[in-house]
Every structure is written in C-alpha cells, then in structure tokens.
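Source file: work26.pdb. Holds: PDB, C-alpha atoms.
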```
ATOM      1  CA  MET O  83    -101.587  85.590 -63.920
ATOM      2  CA  ASN O  84    -102.766  89.141 -63.227
ATOM      3  CA  ARG O  85    -104.054  90.538 -59.940
ATOM      4  CA  SER O  86    -107.735  90.208 -60.861
ATOM      5  CA  GLU O  87    -107.262  86.538 -61.738
ATOM      6  CA  GLN O  88    -105.372  85.951 -58.479
ATOM      7  CA  SER O  89    -108.089  87.538 -56.373
ATOM      8  CA  SER O  90    -110.729  85.279 -57.947
ATOM      9  CA  LEU O  91    -108.957  82.096 -56.885
ATOM     10  CA  LYS O  92    -110.448  80.205 -53.960
ATOM     11  CA  ALA O  93    -108.473  80.673 -50.754
ATOM     12  CA  ALA O  94    -107.715  77.447 -48.899
ATOM     13  CA  ILE O  95    -106.890  79.529 -45.817
ATOM     14  CA  ALA O  96    -108.122  83.032 -45.001
ATOM     15  CA  LEU O  97    -107.059  84.932 -41.888
ATOM     16  CA  ASP O  98    -109.319  87.872 -41.081
ATOM     17  CA  ASP O  99    -108.127  90.591 -38.664
ATOM     18  CA  LEU O 100    -106.249  87.882 -36.772
ATOM     19  CA  SER O 101    -104.268  88.452 -33.595
ATOM     20  CA  ILE O 102    -102.393  85.487 -32.106
ATOM     21  CA  GLY O 103    -100.862  84.842 -28.691
ATOM     22  CA  TYR O 104    -101.337  83.074 -25.379
ATOM     23  CA  LYS O 105    -103.720  83.864 -22.520
ATOM     24  CA  HIS O 106    -105.221  86.707 -24.582
ATOM     25  CA  LYS O 107    -101.834  88.447 -24.796
ATOM     26  CA  PRO O 108    -101.137  89.261 -28.480
ATOM     27  CA  LEU O 109     -97.682  88.713 -29.950
ATOM     28  CA  PHE O 110     -98.223  91.550 -32.435
ATOM     29  CA  LYS O 111    -100.915  93.673 -34.074
ATOM     30  CA  PRO O 112    -103.764  92.052 -36.065
ATOM     31  CA  PHE O 113    -103.300  91.112 -39.724
ATOM     32  CA  SER O 114    -105.235  89.573 -42.612
ATOM     33  CA  LEU O 115    -104.077  87.406 -45.512
ATOM     34  CA  LYS O 116    -105.152  84.649 -47.895
ATOM     35  CA  ILE O 117    -103.317  81.473 -48.830
ATOM     36  CA  GLU O 118    -104.452  80.039 -52.143
ATOM     37  CA  SER O 119    -105.266  76.371 -52.570
ATOM     38  CA  GLY O 120    -102.702  74.057 -54.115
ATOM     39  CA  THR O 121     -99.669  76.160 -53.172
ATOM     40  CA  PHE O 122     -96.479  75.459 -51.207
ATOM     41  CA  ASN O 123     -96.027  78.203 -48.605
ATOM     42  CA  VAL O 124     -93.060  78.609 -46.266
ATOM     43  CA  ILE O 125     -93.054  80.562 -42.992
ATOM     44  CA  ILE O 126     -89.823  82.424 -42.184
ATOM     45  CA  GLY O 127     -89.222  84.184 -38.875
ATOM     46  CA  ALA O 128     -86.861  84.432 -35.941
ATOM     47  CA  ASN O 129     -87.093  82.111 -32.949
ATOM     48  CA  GLY O 130     -89.986  83.224 -30.776
ATOM     49  CA  SER O 131     -91.552  85.322 -33.520
ATOM     50  CA  GLY O 132     -94.754  83.255 -33.533
ATOM     51  CA  LYS O 133     -94.348  80.631 -36.270
ATOM     52  CA  SER O 134     -95.601  77.702 -34.182
ATOM     53  CA  THR O 135     -98.253  79.875 -32.528
ATOM     54  CA  LEU O 136     -99.573  80.844 -35.951
ATOM     55  CA  LEU O 137     -99.768  77.225 -37.087
ATOM     56  CA  GLN O 138    -101.504  76.149 -33.877
ATOM     57  CA  THR O 139    -104.003  78.996 -34.255
ATOM     58  CA  ILE O 140    -104.782  78.119 -37.867
ATOM     59  CA  THR O 141    -105.409  74.481 -36.947
ATOM     60  CA  GLY O 142    -107.795  75.542 -34.202
ATOM     61  CA  ASN O 143    -105.661  74.028 -31.431
ATOM     62  CA  LEU O 144    -105.072  77.518 -30.030
ATOM     63  CA  GLU O 145    -107.771  80.162 -29.703
ATOM     64  CA  PRO O 146    -106.919  83.485 -31.387
ATOM     65  CA  VAL O 147    -106.746  86.658 -29.326
ATOM     66  CA  GLN O 148    -109.079  88.150 -31.914
ATOM     67  CA  GLY O 149    -110.166  87.588 -35.508
ATOM     68  CA  THR O 150    -111.202  84.551 -37.492
ATOM     69  CA  VAL O 151    -109.513  81.661 -39.297
ATOM     70  CA  TYR O 152    -111.332  80.267 -42.326
ATOM     71  CA  ILE O 153    -110.445  76.943 -43.957
ATOM     72  CA  ASP O 154    -112.261  76.364 -47.234
ATOM     73  CA  SER O 155    -114.604  79.232 -46.236
ATOM     74  CA  LYS O 156    -115.466  77.533 -42.911
ATOM     75  CA  ASP O 157    -114.802  79.242 -39.582
ATOM     76  CA  ILE O 158    -112.373  76.849 -37.868
ATOM     77  CA  SER O 159    -113.847  77.672 -34.441
ATOM     78  CA  SER O 160    -117.243  76.358 -35.565
ATOM     79  CA  LEU O 161    -115.874  72.866 -36.307
ATOM     80  CA  ASN O 162    -115.585  69.976 -33.869
ATOM     81  CA  GLN O 163    -112.341  68.004 -33.492
ATOM     82  CA  LYS O 164    -113.251  65.356 -36.057
ATOM     83  CA  GLU O 165    -114.285  68.001 -38.594
ATOM     84  CA  LYS O 166    -111.010  69.873 -38.053
ATOM     85  CA  ALA O 167    -109.055  66.644 -38.481
ATOM     86  CA  ARG O 168    -110.696  66.159 -41.862
ATOM     87  CA  MET O 169    -109.662  69.638 -42.984
ATOM     88  CA  ILE O 170    -106.089  70.014 -41.691
ATOM     89  CA  SER O 171    -103.272  67.606 -40.881
ATOM     90  CA  LEU O 172    -100.258  68.735 -38.856
ATOM     91  CA  VAL O 173     -96.703  67.381 -38.604
ATOM     92  CA  TYR O 174     -94.928  68.633 -35.493
ATOM     93  CA  THR O 175     -91.299  69.614 -34.983
ATOM     94  CA  GLU O 176     -90.583  67.496 -31.889
ATOM     95  CA  ARG O 177     -88.274  64.498 -32.150
ATOM     96  CA  ILE O 178     -90.527  61.529 -32.751
ATOM     97  CA  ILE O 179     -91.142  59.224 -29.782
ATOM     98  CA  SER O 180     -91.417  55.792 -31.346
ATOM     99  CA  GLY O 181     -93.053  53.700 -28.636
ATOM    100  CA  GLY O 182     -93.827  50.212 -29.886
ATOM    101  CA  LEU O 183     -95.528  51.110 -33.162
ATOM    102  CA  THR O 184     -94.591  49.971 -36.628
ATOM    103  CA  VAL O 185     -94.552  52.355 -39.568
ATOM    104  CA  LYS O 186     -97.819  50.923 -40.890
ATOM    105  CA  GLU O 187     -99.524  51.254 -37.499
ATOM    106  CA  THR O 188     -98.333  54.841 -37.221
ATOM    107  CA  VAL O 189     -99.603  55.785 -40.676
ATOM    108  CA  SER O 190    -102.907  54.035 -39.931
ATOM    109  CA  MET O 191    -103.524  56.501 -37.106
ATOM    110  CA  GLY O 192    -104.228  59.085 -39.796
ATOM    111  CA  ARG O 193    -107.493  57.312 -40.570
ATOM    112  CA  HIS O 194    -108.963  57.749 -37.074
ATOM    113  CA  PRO O 195    -111.078  60.822 -38.039
ATOM    114  CA  TYR O 196    -112.991  58.544 -40.426
ATOM    115  CA  THR O 197    -113.425  55.358 -38.370
ATOM    116  CA  GLY O 198    -116.293  54.412 -36.096
ATOM    117  CA  LEU O 199    -116.270  54.169 -32.307
ATOM    118  CA  LEU O 200    -114.194  50.990 -32.371
ATOM    119  CA  GLY O 201    -111.592  52.523 -34.652
ATOM    120  CA  ARG O 202    -111.565  49.607 -37.062
ATOM    121  CA  LEU O 203    -110.076  50.231 -40.488
ATOM    122  CA  SER O 204    -111.935  49.131 -43.603
ATOM    123  CA  LYS O 205    -110.326  47.789 -46.756
ATOM    124  CA  ASP O 206    -110.626  51.285 -48.229
ATOM    125  CA  ASP O 207    -108.864  52.727 -45.177
ATOM    126  CA  MET O 208    -106.020  50.239 -45.496
ATOM    127  CA  GLN O 209    -105.655  51.061 -49.189
ATOM    128  CA  ILE O 210    -105.365  54.762 -48.315
ATOM    129  CA  VAL O 211    -102.680  53.888 -45.730
ATOM    130  CA  SER O 212    -100.825  51.824 -48.314
ATOM    131  CA  ASN O 213    -101.043  54.632 -50.873
ATOM    132  CA  ALA O 214     -99.755  57.186 -48.354
ATOM    133  CA  MET O 215     -96.708  55.054 -47.544
ATOM    134  CA  GLU O 216     -96.024  54.574 -51.252
ATOM    135  CA  GLN O 217     -96.297  58.310 -51.972
ATOM    136  CA  VAL O 218     -93.597  59.178 -49.429
ATOM    137  CA  GLY O 219     -91.397  56.192 -50.279
ATOM    138  CA  ILE O 220     -91.632  54.368 -46.957
ATOM    139  CA  SER O 221     -93.569  51.227 -47.995
ATOM    140  CA  HIS O 222     -90.482  49.040 -47.712
ATOM    141  CA  LYS O 223     -90.349  49.905 -43.991
ATOM    142  CA  ALA O 224     -94.044  49.242 -43.300
ATOM    143  CA  ASP O 225     -93.453  46.426 -40.803
ATOM    144  CA  CYS O 226     -90.423  48.028 -39.123
ATOM    145  CA  PHE O 227     -90.706  49.612 -35.704
ATOM    146  CA  LEU O 228     -90.188  53.384 -35.665
ATOM    147  CA  SER O 229     -87.362  52.844 -33.206
ATOM    148  CA  ASP O 230     -85.485  50.790 -35.821
ATOM    149  CA  ILE O 231     -85.471  53.322 -38.683
ATOM    150  CA  SER O 232     -83.627  56.611 -39.245
ATOM    151  CA  ASP O 233     -84.843  60.088 -38.232
ATOM    152  CA  GLY O 234     -85.477  60.905 -41.887
ATOM    153  CA  GLU O 235     -87.529  57.754 -42.388
ATOM    154  CA  ARG O 236     -89.523  58.470 -39.215
ATOM    155  CA  GLN O 237     -90.302  61.959 -40.504
ATOM    156  CA  LYS O 238     -91.523  60.434 -43.775
ATOM    157  CA  ALA O 239     -93.734  58.091 -41.741
ATOM    158  CA  MET O 240     -95.270  61.087 -39.944
ATOM    159  CA  ILE O 241     -95.903  62.830 -43.264
ATOM    160  CA  ALA O 242     -97.491  59.613 -44.550
ATOM    161  CA  ARG O 243     -99.751  59.593 -41.486
ATOM    162  CA  ALA O 244    -100.784  63.169 -42.327
ATOM    163  CA  LEU O 245    -101.456  62.119 -45.932
ATOM    164  CA  ALA O 246    -103.574  59.193 -44.754
ATOM    165  CA  GLN O 247    -105.654  61.780 -42.920
ATOM    166  CA  ASN O 248    -106.686  62.878 -46.418
ATOM    167  CA  THR O 249    -106.969  66.618 -45.772
ATOM    168  CA  PRO O 250    -106.791  69.464 -48.305
ATOM    169  CA  VAL O 251    -104.362  71.374 -46.056
ATOM    170  CA  LEU O 252    -101.054  70.038 -44.704
ATOM    171  CA  MET O 253     -99.075  71.987 -42.097
ATOM    172  CA  LEU O 254     -95.547  71.160 -41.008
ATOM    173  CA  ASP O 255     -93.821  72.825 -38.053
ATOM    174  CA  GLU O 256     -90.053  72.780 -38.726
ATOM    175  CA  PRO O 257     -90.193  69.208 -40.100
ATOM    176  CA  THR O 258     -86.482  69.022 -40.956
ATOM    177  CA  ASN O 259     -85.197  69.545 -37.419
ATOM    178  CA  PHE O 260     -82.856  66.717 -36.352
ATOM    179  CA  LEU O 261     -82.341  65.608 -39.984
ATOM    180  CA  ASP O 262     -79.120  65.423 -41.979
ATOM    181  CA  VAL O 263     -78.715  67.356 -45.234
ATOM    182  CA  ALA O 264     -79.835  64.510 -47.500
ATOM    183  CA  SER O 265     -82.938  63.835 -45.391
ATOM    184  CA  LYS O 266     -83.824  67.542 -45.305
ATOM    185  CA  LEU O 267     -83.676  67.772 -49.079
ATOM    186  CA  SER O 268     -85.738  64.597 -49.367
ATOM    187  CA  VAL O 269     -88.480  66.010 -47.122
ATOM    188  CA  PHE O 270     -88.651  69.316 -49.020
ATOM    189  CA  ASN O 271     -88.746  67.493 -52.362
ATOM    190  CA  LEU O 272     -91.530  65.262 -51.048
ATOM    191  CA  VAL O 273     -93.620  68.225 -49.906
ATOM    192  CA  ARG O 274     -93.071  70.004 -53.237
ATOM    193  CA  ARG O 275     -94.255  66.888 -55.074
ATOM    194  CA  LEU O 276     -97.368  66.569 -52.893
ATOM    195  CA  THR O 277     -98.353  70.102 -53.867
ATOM    196  CA  ASP O 278     -97.633  69.606 -57.582
ATOM    197  CA  ASP O 279     -99.116  66.131 -58.000
ATOM    198  CA  HIS O 280    -102.018  66.174 -55.554
ATOM    199  CA  GLY O 281    -102.980  69.835 -55.166
ATOM    200  CA  ILE O 282    -102.425  69.814 -51.404
ATOM    201  CA  THR O 283    -102.073  73.245 -49.817
ATOM    202  CA  VAL O 284     -98.894  73.254 -47.712
ATOM    203  CA  LEU O 285     -97.890  75.657 -44.947
ATOM    204  CA  LEU O 286     -94.418  74.861 -43.587
ATOM    205  CA  SER O 287     -92.298  76.676 -41.016
ATOM    206  CA  THR O 288     -88.534  76.258 -41.238
ATOM    207  CA  HIS O 289     -85.065  77.662 -40.594
ATOM    208  CA  ASP O 290     -83.683  75.880 -43.686
ATOM    209  CA  THR O 291     -84.172  79.014 -45.711
ATOM    210  CA  GLU O 292     -82.029  78.296 -48.753
ATOM    211  CA  THR O 293     -83.842  75.098 -49.708
ATOM    212  CA  ALA O 294     -87.237  76.444 -48.696
ATOM    213  CA  LEU O 295     -86.922  79.592 -50.792
ATOM    214  CA  GLU O 296     -85.871  77.558 -53.837
ATOM    215  CA  MET O 297     -88.872  75.218 -53.612
ATOM    216  CA  ALA O 298     -91.729  77.319 -52.233
ATOM    217  CA  ASP O 299     -94.376  79.176 -54.220
ATOM    218  CA  ASN O 300     -94.859  81.824 -51.559
ATOM    219  CA  ILE O 301     -92.977  83.168 -48.546
ATOM    220  CA  LEU O 302     -94.871  84.088 -45.411
ATOM    221  CA  THR O 303     -92.680  86.350 -43.256
ATOM    222  CA  ILE O 304     -93.236  87.142 -39.583
ATOM    223  CA  ILE O 305     -91.761  90.445 -38.368
ATOM    224  CA  PRO O 306     -93.469  91.308 -35.051
ATOM    225  CA  ALA O 307     -92.201  94.912 -34.876
ATOM    226  CA  ASP O 308     -93.209  95.749 -38.454
ATOM    227  CA  ASP O 309     -96.293  97.740 -39.460
ATOM    228  CA  THR O 310     -97.401  94.565 -41.275
ATOM    229  CA  PRO O 311     -96.324  91.815 -38.846
ATOM    230  CA  VAL O 312     -97.313  88.924 -41.128
ATOM    231  CA  ALA O 313     -97.352  89.069 -44.933
ATOM    232  CA  ILE O 314     -97.280  86.623 -47.819
ATOM    233  CA  ASN O 315     -95.478  87.256 -51.119
ATOM    234  CA  LYS O 316     -94.436  85.260 -54.147
ATOM    235  CA  ALA O 317     -91.059  83.603 -53.613
ATOM    236  CA  GLY O 318     -88.277  85.568 -55.288
ATOM    237  CA  SER O 319     -90.363  88.703 -55.743
ATOM    238  CA  ASN O 320     -89.032  92.111 -54.754
ATOM    239  CA  GLU O 321     -91.690  92.308 -52.054
ATOM    240  CA  ALA O 322     -90.622  88.970 -50.550
ATOM    241  CA  ASN O 323     -86.950  89.921 -50.646
ATOM    242  CA  GLU O 324     -87.636  93.264 -48.975
ATOM    243  CA  ARG O 325     -89.498  91.472 -46.189
ATOM    244  CA  LEU O 326     -86.701  88.927 -45.772
ATOM    245  CA  PHE O 327     -84.192  91.773 -45.377
ATOM    246  CA  LYS O 328     -86.168  92.823 -42.290
ATOM    247  CA  VAL O 329     -86.560  89.430 -40.608
ATOM    248  CA  PHE O 330     -83.273  89.618 -38.668
ATOM    249  CA  ALA O 331     -82.455  93.303 -39.244
ATOM    250  CA  ASP O 332     -82.271  93.993 -35.500
ATOM    251  CA  ARG O 333     -79.551  91.335 -35.096
ATOM    252  CA  ASN O 334     -77.140  92.629 -37.754
ATOM    253  CA  ILE O 335     -78.136  89.894 -40.223
ATOM    254  CA  THR O 336     -78.910  90.592 -43.871
ATOM    255  CA  PHE O 337     -80.562  88.541 -46.596
ATOM    256  CA  ASN O 338     -78.781  87.782 -49.882
ATOM    257  CA  PRO O 339     -81.399  87.149 -52.613
ATOM    258  CA  LEU O 340     -78.743  85.828 -55.028
ATOM    259  CA  ASP O 341     -78.328  82.596 -53.081
ATOM    260  CA  ASN O 342     -81.279  82.769 -50.654
ATOM    261  CA  THR O 343     -79.102  82.926 -47.550
ATOM    262  CA  PHE O 344     -78.851  85.065 -44.424
ATOM    263  CA  ARG O 345     -75.431  86.450 -43.524
ATOM    264  CA  LEU O 346     -73.757  88.677 -40.967
ATOM    265  CA  LYS O 347     -73.432  92.246 -42.198
TER     266      LYS O 347
END
```
I'd like the structure from this file rewritten - as structure tokens, please.
Amino acid sequence: MNRSEQSSLKAAIALDDLSIGYKHKPLFKPFSLKIESGTFNVIIGANGSGKSTLLQTITGNLEPVQGTVYIDSKDISSLNQKEKARMISLVYTERIISGGLTVKETVSMGRHPYTGLLGRLSKDDMQIVSNAMEQVGISHKADCFLSDISDGERQKAMIARALAQNTPVLMLDEPTNFLDVASKLSVFNLVRRLTDDHGITVLLSTHDTETALEMADNILTIIPADDTPVAINKAGSNEANERLFKVFADRNITFNPLDNTFRLK
C-alpha cells in the first residue's frame, strides 16, 4: 500500500494538536497523529511517560490540556457518557477486584450503555454476552465467580465485557500485568484475533515488548523529551526501530530489533 492509499483510509482515531496532562499541566509538547481502523496498535514508553494518561484522554475520561480527540470523525468532548461507551471500551491495568460477581454477570455489564433505565437485558443482549464469552474462550467459566478463576481467566472475562460493549475501538492499559507467560501470550493472541477477525481497532499499552512487537501492526512510541513526543510507525520499520532506540536512551538501555528486546548497553 502506498502513501496516497494510506492517507485515504478512514482514521478510527485522530489526535489533532493534542497536549495531555493533569490540572492543565502538559506532560510534553502537542502532537498530532492518526490511527487507522482495524489495526492493532501498541504503545511503548517508560514508566511515567504518559501511556495511561494518553489512553484516558482518548477515551474522554480526562480532559486534554489542548487539542482535540476524534473517534470516527466525532469530537469525543461533544459526546455524553453513553455515547462514549458505545464508541470505546477500555480494559484497565489494575488487578481485578472480583466482588461477588460471576463471569457471565461481569460480561453482562458491557451491555449497560444499551439498556433502558432499569438495566434489563433483552434476548439479543444475552446473545451478545454469550458470543463475547465464546470469542475469548471463557464460556465454560460463565457461572463461576471471578474469585474462583485464575488471573488470566479474569482478564479474559474483562476483555469479554469490553467486547459485549460492542464498540469499534478497544483500548487496553497494560492488560498482561499480574499474568504468567502463558496467560500473557494468550491475551496478546486473543487481541490479535479480534483485530483480524472482527476489524476492531486496538490500542494497547504494555511493557511486554517482545510479544507486542511481534504481533502489532503499528508501534506508538512516547518519548517526552523528543521533538516529536508521540509518533506512530509500522512495526518493524526503520522509523519504528529508530524511535524504540530512543525510548530508554537516557537510562543506558538500547533496543535490539533482531529479537525485539531492550538490553543494557
């Protein structure tokens, strides 16, 4: 695909002259970029660089210092909470607090943006919940309490809840924290499949760089001190590798593009 064809594709997410931060204090200079629909995009950056802040700003949960976030050409700040919840679903990094909910009840919560005042689920809603559990491979645990299943299975349940929300954009904030190696690989494979089979646009922040770089379409790097603090490049491209070299450059860490790992110099 050439550059002219790429530029004609519809952007699922467009960030225009965006500056992010808290209490109107920017983390770095403004930037602009587009994330195409139906792609798997991974955010790489040091701790405290702004990965979670960026995700929260894109979802509309955090007001930008300046600039505009567009989702499917709609200004996210112009949408109410229910409208946002129909556009973007978010899976957080925190360890899941199970409470007294079963897997099915948890996944059903994803349908709340579509239910009436009483929150009752229709037969169609329940079918969507069932399909979401099947897609992530958690159906056999539907009636189990979250407290009785593994961390990896709980993370799958949270992804199923996001799928039940039926949004074109799925964001995951370090979803493989607290997971063992097998569970991490399972989550990444699941997200890759959701992009390939269902055309969902994925934006995922992670420190599991080796797996992420092997599976992602694009790499979004955050380098606060750089002239271009946030940029997106095709995974494995020279531009992406050059950016990755800079991510931890101030801490004597270098990136090895041969095996997608960071190492001490």
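Note that the spacing between atom CA of O:Asn143 and atom CA of O:Ala214 amounts to 24.6 Å.
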Give me the residues near O:Gln247 as a list of chain:residue names, where near means some atom within 7 Å (using all atoms listed in the file) and where sequence neighbours in that chain fewer than 4 positions away do not count. O:Arg168, O:Ser171, O:Gly192, O:Arg193, O:Arg243
What would the file look like if the residues just selected were written as a PDB file, keeping the file's coordinate frame with C-alpha atoms?
```pdb
ATOM      1  CA  ARG O 168    -110.696  66.159 -41.862  1.00  0.00           C
ATOM      2  CA  SER O 171    -103.272  67.606 -40.881  1.00  0.00           C
ATOM      3  CA  GLY O 192    -104.228  59.085 -39.796  1.00  0.00           C
ATOM      4  CA  ARG O 193    -107.493  57.312 -40.570  1.00  0.00           C
ATOM      5  CA  ARG O 243     -99.751  59.593 -41.486  1.00  0.00           C
TER       6      ARG O 243
END
```
Residues in the PyMOL selection byres ((chain O and resi 324) around 12), expressed as a PyMOL selection string: chain O and resi 301+303+305+313-323+325-331+336-339
Selected residue of minimal separation from O:Ala242 among O:Met191, O:Phe122, O:Ser229, O:Gly201, counting only C-alpha atoms: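 Smallest distance to O:Ala242 is found for O:Met191.
When atom CA of O:Leu228 is paired with atom CA of O:Ser287, their separation reads 24.0 Å.
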Given the PyMOL selection byres ((chain O and resi 269-286) around 6) and the file above, list the residues it selects as a list in words. Ser119, Gly120, Thr121, Phe122, Asn123, Val124, Ile125, Pro250, Val251, Leu252, Met253, Leu254, Asp255, Lys266, Leu267, Ser268 and Ser287 of chain O
Show me the residues close to (-81.4, 73.6, -48.6) - anything with an atom within 10 Å, counting only C-alpha atoms - and format the list as a PDB file with C-alpha atoms, in the coordinates of the input.
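Saved the output as selection.pdb:
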```
ATOM      1  CA  VAL O 263     -78.715  67.356 -45.234  1.00  0.00           C
ATOM      2  CA  ALA O 264     -79.835  64.510 -47.500  1.00  0.00           C
ATOM      3  CA  LYS O 266     -83.824  67.542 -45.305  1.00  0.00           C
ATOM      4  CA  LEU O 267     -83.676  67.772 -49.079  1.00  0.00           C
ATOM      5  CA  PHE O 270     -88.651  69.316 -49.020  1.00  0.00           C
ATOM      6  CA  HIS O 289     -85.065  77.662 -40.594  1.00  0.00           C
ATOM      7  CA  ASP O 290     -83.683  75.880 -43.686  1.00  0.00           C
ATOM      8  CA  THR O 291     -84.172  79.014 -45.711  1.00  0.00           C
ATOM      9  CA  GLU O 292     -82.029  78.296 -48.753  1.00  0.00           C
ATOM     10  CA  THR O 293     -83.842  75.098 -49.708  1.00  0.00           C
ATOM     11  CA  ALA O 294     -87.237  76.444 -48.696  1.00  0.00           C
ATOM     12  CA  LEU O 295     -86.922  79.592 -50.792  1.00  0.00           C
ATOM     13  CA  GLU O 296     -85.871  77.558 -53.837  1.00  0.00           C
ATOM     14  CA  MET O 297     -88.872  75.218 -53.612  1.00  0.00           C
ATOM     15  CA  ASN O 342     -81.279  82.769 -50.654  1.00  0.00           C
ATOM     16  CA  THR O 343     -79.102  82.926 -47.550  1.00  0.00           C
TER      17      THR O 343
END
```
Near-O:Leu144 list (10 Å; all atoms listed in the file; drop same-chain fewer than 4 positions) as number ranges by chain: O: 102-105, 135-140, 159
Considering only C-alpha atoms, can you say which of O:Ala298, O:Ile158, O:Leu183, O:Ile210 comes closest to O:Asp230?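 Among the listed residues, O:Leu183 lies closest to O:Asp230.
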Atom pair atom CA of O:Asp99 / atom CA of O:Asn162: separation (Å):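 Distance reported for this atom pair: 22.4 Å.
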Identify, on the basis of all atoms listed in the file, every residue whose closest approach to O:Val151 does not exceed 12 Å; exclude the query and any residue fewer than 3 positions from it along the same chain; express the result as a PyMOL selection string. chain O and resi 93-102+113-117+136-148+154-161+166
Which residue is closest to O:Thr249? Choose from O:Pro195, O:Gly219, O:Gly149, O:Gly234 and count only C-alpha atoms. O:Pro195
